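Student: If it helps, the file is called protein14.cif and holds mmCIF, N, CA and C atoms:
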data_run
loop_
_atom_site.label_atom_id
_atom_site.label_comp_id
_atom_site.auth_asym_id
_atom_site.auth_seq_id
_atom_site.Cartn_x
_atom_site.Cartn_y
_atom_site.Cartn_z
N MET A 602 13.76 20.23 25.46
CA MET A 602 13.10 18.99 25.12
C MET A 602 13.93 17.83 25.66
N ASN A 603 13.28 16.88 26.25
CA ASN A 603 13.91 15.72 26.85
C ASN A 603 14.50 14.82 25.75
N SER A 604 15.67 14.24 26.03
CA SER A 604 16.32 13.40 25.01
C SER A 604 15.51 12.14 24.73
N TRP A 605 14.76 11.65 25.72
CA TRP A 605 13.92 10.46 25.50
C TRP A 605 12.77 10.78 24.54
N ILE A 606 12.26 11.98 24.63
CA ILE A 606 11.19 12.39 23.71
C ILE A 606 11.74 12.50 22.29
N ILE A 607 12.95 13.03 22.17
CA ILE A 607 13.58 13.15 20.86
C ILE A 607 13.82 11.76 20.27
N LEU A 608 14.36 10.84 21.06
CA LEU A 608 14.60 9.48 20.58
C LEU A 608 13.30 8.77 20.24
N GLY A 609 12.27 9.00 21.04
CA GLY A 609 10.97 8.38 20.77
C GLY A 609 10.37 8.89 19.48
N SER A 610 10.48 10.18 19.24
CA SER A 610 9.97 10.76 18.00
C SER A 610 10.75 10.26 16.79
N LEU A 611 12.06 10.16 16.95
CA LEU A 611 12.89 9.63 15.86
C LEU A 611 12.55 8.17 15.59
N ALA A 612 12.39 7.39 16.64
CA ALA A 612 12.03 5.97 16.49
C ALA A 612 10.67 5.82 15.83
N ALA A 613 9.72 6.67 16.20
CA ALA A 613 8.40 6.61 15.59
C ALA A 613 8.48 6.97 14.11
N GLY A 614 9.28 7.95 13.75
CA GLY A 614 9.46 8.31 12.35
C GLY A 614 10.14 7.21 11.57
N LEU A 615 11.14 6.58 12.16
CA LEU A 615 11.82 5.46 11.50
C LEU A 615 10.86 4.29 11.29
N ALA A 616 10.11 3.95 12.33
CA ALA A 616 9.18 2.82 12.23
C ALA A 616 8.11 3.08 11.18
N SER A 617 7.54 4.27 11.19
CA SER A 617 6.51 4.57 10.18
C SER A 617 7.12 4.64 8.79
N GLY A 618 8.35 5.09 8.68
CA GLY A 618 9.03 5.12 7.38
C GLY A 618 9.30 3.73 6.84
N PHE A 619 9.76 2.84 7.72
CA PHE A 619 9.99 1.46 7.29
C PHE A 619 8.69 0.79 6.88
N LEU A 620 7.62 1.05 7.62
CA LEU A 620 6.32 0.49 7.24
C LEU A 620 5.83 1.08 5.92
N PHE A 621 5.98 2.39 5.75
CA PHE A 621 5.49 3.03 4.53
C PHE A 621 6.28 2.58 3.31
N TYR A 622 7.59 2.74 3.35
CA TYR A 622 8.39 2.44 2.16
C TYR A 622 8.59 0.94 1.97
N GLY A 623 8.65 0.18 3.06
CA GLY A 623 8.70 -1.27 2.93
C GLY A 623 7.39 -1.80 2.35
N GLY A 624 6.28 -1.24 2.79
CA GLY A 624 4.99 -1.62 2.23
C GLY A 624 4.86 -1.22 0.78
N LEU A 625 5.41 -0.08 0.41
CA LEU A 625 5.40 0.35 -0.98
C LEU A 625 6.20 -0.63 -1.84
N TRP A 626 7.36 -1.04 -1.36
CA TRP A 626 8.19 -1.97 -2.09
C TRP A 626 7.46 -3.30 -2.29
N LEU A 627 6.84 -3.80 -1.22
CA LEU A 627 6.09 -5.05 -1.34
C LEU A 627 4.89 -4.91 -2.26
N THR A 628 4.22 -3.78 -2.21
CA THR A 628 3.06 -3.55 -3.07
C THR A 628 3.46 -3.54 -4.53
N VAL A 629 4.54 -2.85 -4.85
CA VAL A 629 4.99 -2.80 -6.24
C VAL A 629 5.43 -4.19 -6.69
N LYS A 630 6.13 -4.89 -5.83
CA LYS A 630 6.60 -6.24 -6.16
C LYS A 630 5.41 -7.17 -6.44
N LYS A 631 4.41 -7.12 -5.60
CA LYS A 631 3.22 -7.95 -5.78
C LYS A 631 2.38 -7.45 -6.96
N GLY A 632 2.25 -6.15 -7.11
CA GLY A 632 1.43 -5.56 -8.15
C GLY A 632 1.94 -5.82 -9.55
N MET A 633 3.25 -6.00 -9.69
CA MET A 633 3.82 -6.24 -11.01
C MET A 633 3.39 -7.59 -11.59
N SER A 634 3.02 -8.53 -10.74
CA SER A 634 2.63 -9.85 -11.22
C SER A 634 1.11 -9.99 -11.37
N MET A 635 0.36 -8.95 -11.07
CA MET A 635 -1.09 -8.99 -11.17
C MET A 635 -1.55 -8.41 -12.50
N LYS A 636 -2.72 -8.87 -12.95
CA LYS A 636 -3.29 -8.31 -14.18
C LYS A 636 -3.86 -6.92 -13.96
N ARG A 637 -4.58 -6.76 -12.84
CA ARG A 637 -5.23 -5.48 -12.54
C ARG A 637 -4.91 -5.08 -11.09
N PRO A 638 -3.80 -4.42 -10.88
CA PRO A 638 -3.36 -4.12 -9.51
C PRO A 638 -3.92 -2.82 -8.93
N GLN A 639 -4.89 -2.19 -9.58
CA GLN A 639 -5.36 -0.87 -9.15
C GLN A 639 -5.87 -0.88 -7.72
N LEU A 640 -6.67 -1.87 -7.38
CA LEU A 640 -7.23 -1.93 -6.03
C LEU A 640 -6.13 -2.14 -4.99
N LEU A 641 -5.18 -3.00 -5.30
CA LEU A 641 -4.06 -3.24 -4.39
C LEU A 641 -3.29 -1.96 -4.13
N PHE A 642 -2.98 -1.21 -5.19
CA PHE A 642 -2.22 0.03 -5.02
C PHE A 642 -3.02 1.08 -4.23
N ALA A 643 -4.31 1.18 -4.48
CA ALA A 643 -5.14 2.16 -3.79
C ALA A 643 -5.26 1.84 -2.30
N VAL A 644 -5.56 0.59 -1.98
CA VAL A 644 -5.73 0.20 -0.58
C VAL A 644 -4.40 0.31 0.16
N SER A 645 -3.33 -0.12 -0.50
CA SER A 645 -2.01 -0.03 0.12
C SER A 645 -1.64 1.42 0.43
N PHE A 646 -1.90 2.31 -0.53
CA PHE A 646 -1.59 3.72 -0.31
C PHE A 646 -2.38 4.28 0.86
N LEU A 647 -3.67 3.97 0.92
CA LEU A 647 -4.50 4.48 2.01
C LEU A 647 -4.04 3.95 3.36
N LEU A 648 -3.74 2.67 3.45
CA LEU A 648 -3.28 2.10 4.72
C LEU A 648 -1.92 2.67 5.14
N ARG A 649 -0.99 2.74 4.20
CA ARG A 649 0.34 3.26 4.52
C ARG A 649 0.27 4.72 4.95
N SER A 650 -0.53 5.50 4.25
CA SER A 650 -0.68 6.93 4.60
C SER A 650 -1.34 7.10 5.96
N ALA A 651 -2.36 6.29 6.23
CA ALA A 651 -3.04 6.38 7.52
C ALA A 651 -2.09 6.03 8.66
N ILE A 652 -1.25 5.03 8.47
CA ILE A 652 -0.29 4.65 9.51
C ILE A 652 0.67 5.81 9.79
N VAL A 653 1.17 6.45 8.74
CA VAL A 653 2.11 7.56 8.93
C VAL A 653 1.42 8.74 9.61
N ILE A 654 0.23 9.08 9.18
CA ILE A 654 -0.49 10.21 9.76
C ILE A 654 -0.80 9.97 11.24
N ILE A 655 -1.28 8.77 11.56
CA ILE A 655 -1.60 8.45 12.96
C ILE A 655 -0.34 8.45 13.81
N THR A 656 0.74 7.88 13.28
CA THR A 656 2.00 7.87 14.03
C THR A 656 2.50 9.28 14.29
N PHE A 657 2.48 10.13 13.26
CA PHE A 657 2.92 11.50 13.43
C PHE A 657 2.02 12.26 14.40
N TYR A 658 0.74 11.99 14.37
CA TYR A 658 -0.20 12.67 15.27
C TYR A 658 0.14 12.37 16.72
N PHE A 659 0.34 11.10 17.03
CA PHE A 659 0.60 10.73 18.43
C PHE A 659 2.04 11.01 18.84
N ALA A 660 3.00 10.75 17.97
CA ALA A 660 4.41 10.98 18.33
C ALA A 660 4.75 12.46 18.31
N GLY A 661 4.08 13.23 17.46
CA GLY A 661 4.37 14.66 17.36
C GLY A 661 3.83 15.44 18.53
N GLY A 662 2.72 15.01 19.06
CA GLY A 662 2.15 15.67 20.23
C GLY A 662 1.81 17.14 20.01
N GLY A 663 1.60 17.54 18.77
CA GLY A 663 1.25 18.92 18.49
C GLY A 663 2.41 19.90 18.56
N GLN A 664 3.61 19.39 18.65
CA GLN A 664 4.80 20.25 18.70
C GLN A 664 5.56 20.13 17.39
N TRP A 665 5.87 21.25 16.78
CA TRP A 665 6.51 21.22 15.47
C TRP A 665 7.90 20.59 15.52
N GLN A 666 8.60 20.73 16.64
CA GLN A 666 9.94 20.16 16.75
C GLN A 666 9.87 18.63 16.69
N ARG A 667 8.90 18.06 17.40
CA ARG A 667 8.75 16.60 17.39
C ARG A 667 8.29 16.11 16.03
N LEU A 668 7.43 16.87 15.36
CA LEU A 668 7.01 16.49 14.01
C LEU A 668 8.18 16.53 13.03
N LEU A 669 9.05 17.52 13.21
CA LEU A 669 10.23 17.62 12.37
C LEU A 669 11.16 16.42 12.57
N ILE A 670 11.31 15.99 13.81
CA ILE A 670 12.15 14.83 14.11
C ILE A 670 11.51 13.56 13.53
N CYS A 671 10.19 13.44 13.62
CA CYS A 671 9.49 12.30 13.00
C CYS A 671 9.71 12.31 11.50
N GLY A 672 9.65 13.47 10.88
CA GLY A 672 9.89 13.58 9.45
C GLY A 672 11.31 13.19 9.09
N ALA A 673 12.26 13.56 9.93
CA ALA A 673 13.65 13.18 9.69
C ALA A 673 13.80 11.66 9.76
N GLY A 674 13.13 11.03 10.71
CA GLY A 674 13.16 9.57 10.80
C GLY A 674 12.56 8.92 9.58
N LEU A 675 11.46 9.49 9.09
CA LEU A 675 10.82 8.98 7.87
C LEU A 675 11.78 9.08 6.69
N LEU A 676 12.48 10.19 6.58
CA LEU A 676 13.43 10.39 5.49
C LEU A 676 14.61 9.41 5.59
N VAL A 677 15.11 9.19 6.78
CA VAL A 677 16.21 8.23 6.97
C VAL A 677 15.76 6.82 6.58
N ALA A 678 14.54 6.46 6.96
CA ALA A 678 14.01 5.14 6.59
C ALA A 678 13.90 5.01 5.08
N ARG A 679 13.50 6.08 4.41
CA ARG A 679 13.41 6.06 2.95
C ARG A 679 14.77 5.82 2.32
N ILE A 680 15.78 6.49 2.83
CA ILE A 680 17.13 6.32 2.31
C ILE A 680 17.61 4.89 2.51
N ILE A 681 17.35 4.33 3.68
CA ILE A 681 17.79 2.96 3.98
C ILE A 681 17.07 1.95 3.09
N ILE A 682 15.75 2.09 2.95
CA ILE A 682 14.98 1.16 2.12
C ILE A 682 15.41 1.27 0.65
N THR A 683 15.63 2.48 0.17
CA THR A 683 16.07 2.67 -1.21
C THR A 683 17.43 2.03 -1.44
N TYR A 684 18.34 2.21 -0.49
CA TYR A 684 19.67 1.61 -0.61
C TYR A 684 19.58 0.09 -0.59
N ALA A 685 18.78 -0.46 0.32
CA ALA A 685 18.64 -1.91 0.44
C ALA A 685 18.04 -2.50 -0.83
N ALA A 686 17.03 -1.85 -1.39
CA ALA A 686 16.40 -2.35 -2.62
C ALA A 686 17.38 -2.28 -3.79
N ARG A 687 18.17 -1.22 -3.85
CA ARG A 687 19.15 -1.08 -4.93
C ARG A 687 20.22 -2.16 -4.83
N GLU A 688 20.70 -2.42 -3.61
CA GLU A 688 21.72 -3.46 -3.42
C GLU A 688 21.17 -4.84 -3.76
N LYS A 689 19.92 -5.09 -3.39
CA LYS A 689 19.31 -6.38 -3.70
C LYS A 689 19.20 -6.56 -5.22
N ARG A 690 18.83 -5.50 -5.92
CA ARG A 690 18.72 -5.57 -7.38
C ARG A 690 20.09 -5.80 -8.01
N ARG A 691 21.13 -5.16 -7.48
CA ARG A 691 22.48 -5.36 -8.01
C ARG A 691 22.94 -6.80 -7.81
N THR A 692 22.64 -7.35 -6.65
CA THR A 692 23.03 -8.73 -6.35
C THR A 692 22.33 -9.69 -7.29
N ILE A 693 21.05 -9.49 -7.51
CA ILE A 693 20.30 -10.36 -8.40
C ILE A 693 20.81 -10.23 -9.83
N THR A 694 21.10 -9.01 -10.27
CA THR A 694 21.61 -8.78 -11.62
C THR A 694 22.98 -9.42 -11.79
N ALA A 695 23.83 -9.35 -10.77
CA ALA A 695 25.17 -9.94 -10.86
C ALA A 695 25.09 -11.44 -10.99
N PHE A 696 24.16 -12.07 -10.30
CA PHE A 696 24.02 -13.52 -10.37
C PHE A 696 23.42 -13.96 -11.70
N THR A 697 22.54 -13.18 -12.28
CA THR A 697 21.92 -13.58 -13.54
C THR A 697 22.84 -13.38 -14.73
N LYS A 698 23.84 -12.52 -14.63
CA LYS A 698 24.76 -12.30 -15.73
C LYS A 698 25.81 -13.40 -15.83
N GLN A 699 26.01 -14.15 -14.78
CA GLN A 699 27.07 -15.18 -14.79
C GLN A 699 26.62 -16.45 -15.43
#
Rewrite the structure from the file as structure tokens, please.
Tutor:
Amino acid sequence: MNSWIILGSLAAGLASGFLFYGGLWLTVKKGMSMKRPQLLFAVSFLLRSAIVIITFYFAGGGQWQRLLICGAGLLVARIIITYAAREKRRTITAFTKQ
């Protein structure tokens, strides 16, 4: 497998992961201030899932190795987004306690 294909698959997985988990974070943030956020959560889930599925379909090219690399990129994006959200929450909590 060509190294450019591997990097492209990893980049596609990272991009779709950032869109999925970043969109989830924004949806929850916005949904917490709404009275009835059901529609927002449903539409957001469908859009985020469709983006990931379409990205994996085209970047994977029907090869399990490329799909696995896309999945690894998605997982790395999840770890980064989770870490960033946790650090942001710690920073906000530290400032409010002072």
Student: Quick one: apply the PyMOL selection byres ((chain A and resi 611) around 7) to the file and drop the selected residues here as a ChimeraX atom specification.
Tutor: /A:606-610,612-616,670-671,673-675
Student: Determine the nearest neighbour of Ser650 of chain A from the options A:Leu669, A:Lys636, A:Ala678, A:Phe621, counting all atoms listed in the file.
Tutor: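 The shortest atom-to-atom distance to Ser650 of chain A comes from A:Phe621.
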Student: For the PyMOL selection byres (((chain A and resi 646 and name CA) around 12) and name CA), applied here, can you spell out every residue it catches as a list in words?
Tutor: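 Applied to this file, the PyMOL selection byres (((chain A and resi 646 and name CA) around 12) and name CA) returns Leu620, Phe621, Tyr622, Gly623, Gly624, Leu625, Trp626, Leu627, Thr628, Val629, Gln639, Leu640, Leu641, Phe642, Ala643, Val644, Ser645, Leu647, Leu648, Arg649, Ser650, Ala651, Ile652 and Val653 of chain A.
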Student: What does the file look like for those residues with N, CA and C atoms, as an mmCIF file, keeping the file's coordinate frame?
Tutor:
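Below is the file that was written, selection-v8.cif:
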data_model
loop_
_atom_site.group_PDB
_atom_site.id
_atom_site.type_symbol
_atom_site.label_atom_id
_atom_site.label_comp_id
_atom_site.auth_asym_id
_atom_site.auth_seq_id
_atom_site.Cartn_x
_atom_site.Cartn_y
_atom_site.Cartn_z
ATOM 1 N N LEU A 620 7.620 1.050 7.620
ATOM 2 C CA LEU A 620 6.320 0.490 7.240
ATOM 3 C C LEU A 620 5.830 1.080 5.920
ATOM 4 N N PHE A 621 5.980 2.390 5.750
ATOM 5 C CA PHE A 621 5.490 3.030 4.530
ATOM 6 C C PHE A 621 6.280 2.580 3.310
ATOM 7 N N TYR A 622 7.590 2.740 3.350
ATOM 8 C CA TYR A 622 8.390 2.440 2.160
ATOM 9 C C TYR A 622 8.590 0.940 1.970
ATOM 10 N N GLY A 623 8.650 0.180 3.060
ATOM 11 C CA GLY A 623 8.700 -1.270 2.930
ATOM 12 C C GLY A 623 7.390 -1.800 2.350
ATOM 13 N N GLY A 624 6.280 -1.240 2.790
ATOM 14 C CA GLY A 624 4.990 -1.620 2.230
ATOM 15 C C GLY A 624 4.860 -1.220 0.780
ATOM 16 N N LEU A 625 5.410 -0.080 0.410
ATOM 17 C CA LEU A 625 5.400 0.350 -0.980
ATOM 18 C C LEU A 625 6.200 -0.630 -1.840
ATOM 19 N N TRP A 626 7.360 -1.040 -1.360
ATOM 20 C CA TRP A 626 8.190 -1.970 -2.090
ATOM 21 C C TRP A 626 7.460 -3.300 -2.290
ATOM 22 N N LEU A 627 6.840 -3.800 -1.220
ATOM 23 C CA LEU A 627 6.090 -5.050 -1.340
ATOM 24 C C LEU A 627 4.890 -4.910 -2.260
ATOM 25 N N THR A 628 4.220 -3.780 -2.210
ATOM 26 C CA THR A 628 3.060 -3.550 -3.070
ATOM 27 C C THR A 628 3.460 -3.540 -4.530
ATOM 28 N N VAL A 629 4.540 -2.850 -4.850
ATOM 29 C CA VAL A 629 4.990 -2.800 -6.240
ATOM 30 C C VAL A 629 5.430 -4.190 -6.690
ATOM 31 N N GLN A 639 -4.890 -2.190 -9.580
ATOM 32 C CA GLN A 639 -5.360 -0.870 -9.150
ATOM 33 C C GLN A 639 -5.870 -0.880 -7.720
ATOM 34 N N LEU A 640 -6.670 -1.870 -7.380
ATOM 35 C CA LEU A 640 -7.230 -1.930 -6.030
ATOM 36 C C LEU A 640 -6.130 -2.140 -4.990
ATOM 37 N N LEU A 641 -5.180 -3.000 -5.300
ATOM 38 C CA LEU A 641 -4.060 -3.240 -4.390
ATOM 39 C C LEU A 641 -3.290 -1.960 -4.130
ATOM 40 N N PHE A 642 -2.980 -1.210 -5.190
ATOM 41 C CA PHE A 642 -2.220 0.030 -5.020
ATOM 42 C C PHE A 642 -3.020 1.080 -4.230
ATOM 43 N N ALA A 643 -4.310 1.180 -4.480
ATOM 44 C CA ALA A 643 -5.140 2.160 -3.790
ATOM 45 C C ALA A 643 -5.260 1.840 -2.300
ATOM 46 N N VAL A 644 -5.560 0.590 -1.980
ATOM 47 C CA VAL A 644 -5.730 0.200 -0.580
ATOM 48 C C VAL A 644 -4.400 0.310 0.160
ATOM 49 N N SER A 645 -3.330 -0.120 -0.500
ATOM 50 C CA SER A 645 -2.010 -0.030 0.120
ATOM 51 C C SER A 645 -1.640 1.420 0.430
ATOM 52 N N LEU A 647 -3.670 3.970 0.920
ATOM 53 C CA LEU A 647 -4.500 4.480 2.010
ATOM 54 C C LEU A 647 -4.040 3.950 3.360
ATOM 55 N N LEU A 648 -3.740 2.670 3.450
ATOM 56 C CA LEU A 648 -3.280 2.100 4.720
ATOM 57 C C LEU A 648 -1.920 2.670 5.140
ATOM 58 N N ARG A 649 -0.990 2.740 4.200
ATOM 59 C CA ARG A 649 0.340 3.260 4.520
ATOM 60 C C ARG A 649 0.270 4.720 4.950
ATOM 61 N N SER A 650 -0.530 5.500 4.250
ATOM 62 C CA SER A 650 -0.680 6.930 4.600
ATOM 63 C C SER A 650 -1.340 7.100 5.960
ATOM 64 N N ALA A 651 -2.360 6.290 6.230
ATOM 65 C CA ALA A 651 -3.040 6.380 7.520
ATOM 66 C C ALA A 651 -2.090 6.030 8.660
ATOM 67 N N ILE A 652 -1.250 5.030 8.470
ATOM 68 C CA ILE A 652 -0.290 4.650 9.510
ATOM 69 C C ILE A 652 0.670 5.810 9.790
ATOM 70 N N VAL A 653 1.170 6.450 8.740
ATOM 71 C CA VAL A 653 2.110 7.560 8.930
ATOM 72 C C VAL A 653 1.420 8.740 9.610
#
Student: Quick check, in Å to one decimal: how far apart do atom CA of Leu668 of chain A and atom CA of Ile680 of chain A lie?
Tutor: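 Computing it gives 18.5 Å between the two atoms.
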Student: Kindly provide, as JSON, the centre and edge lengths (Å, one decimal) of an axis-aligned box around all atoms of segment 640-647 of chain A given in the file, with 8 Å on each side.
Tutor:
{"center_x": -4.4, "center_y": 0.6, "center_z": -2.0, "size_x": 21.6, "size_y": 23.7, "size_z": 26.7}
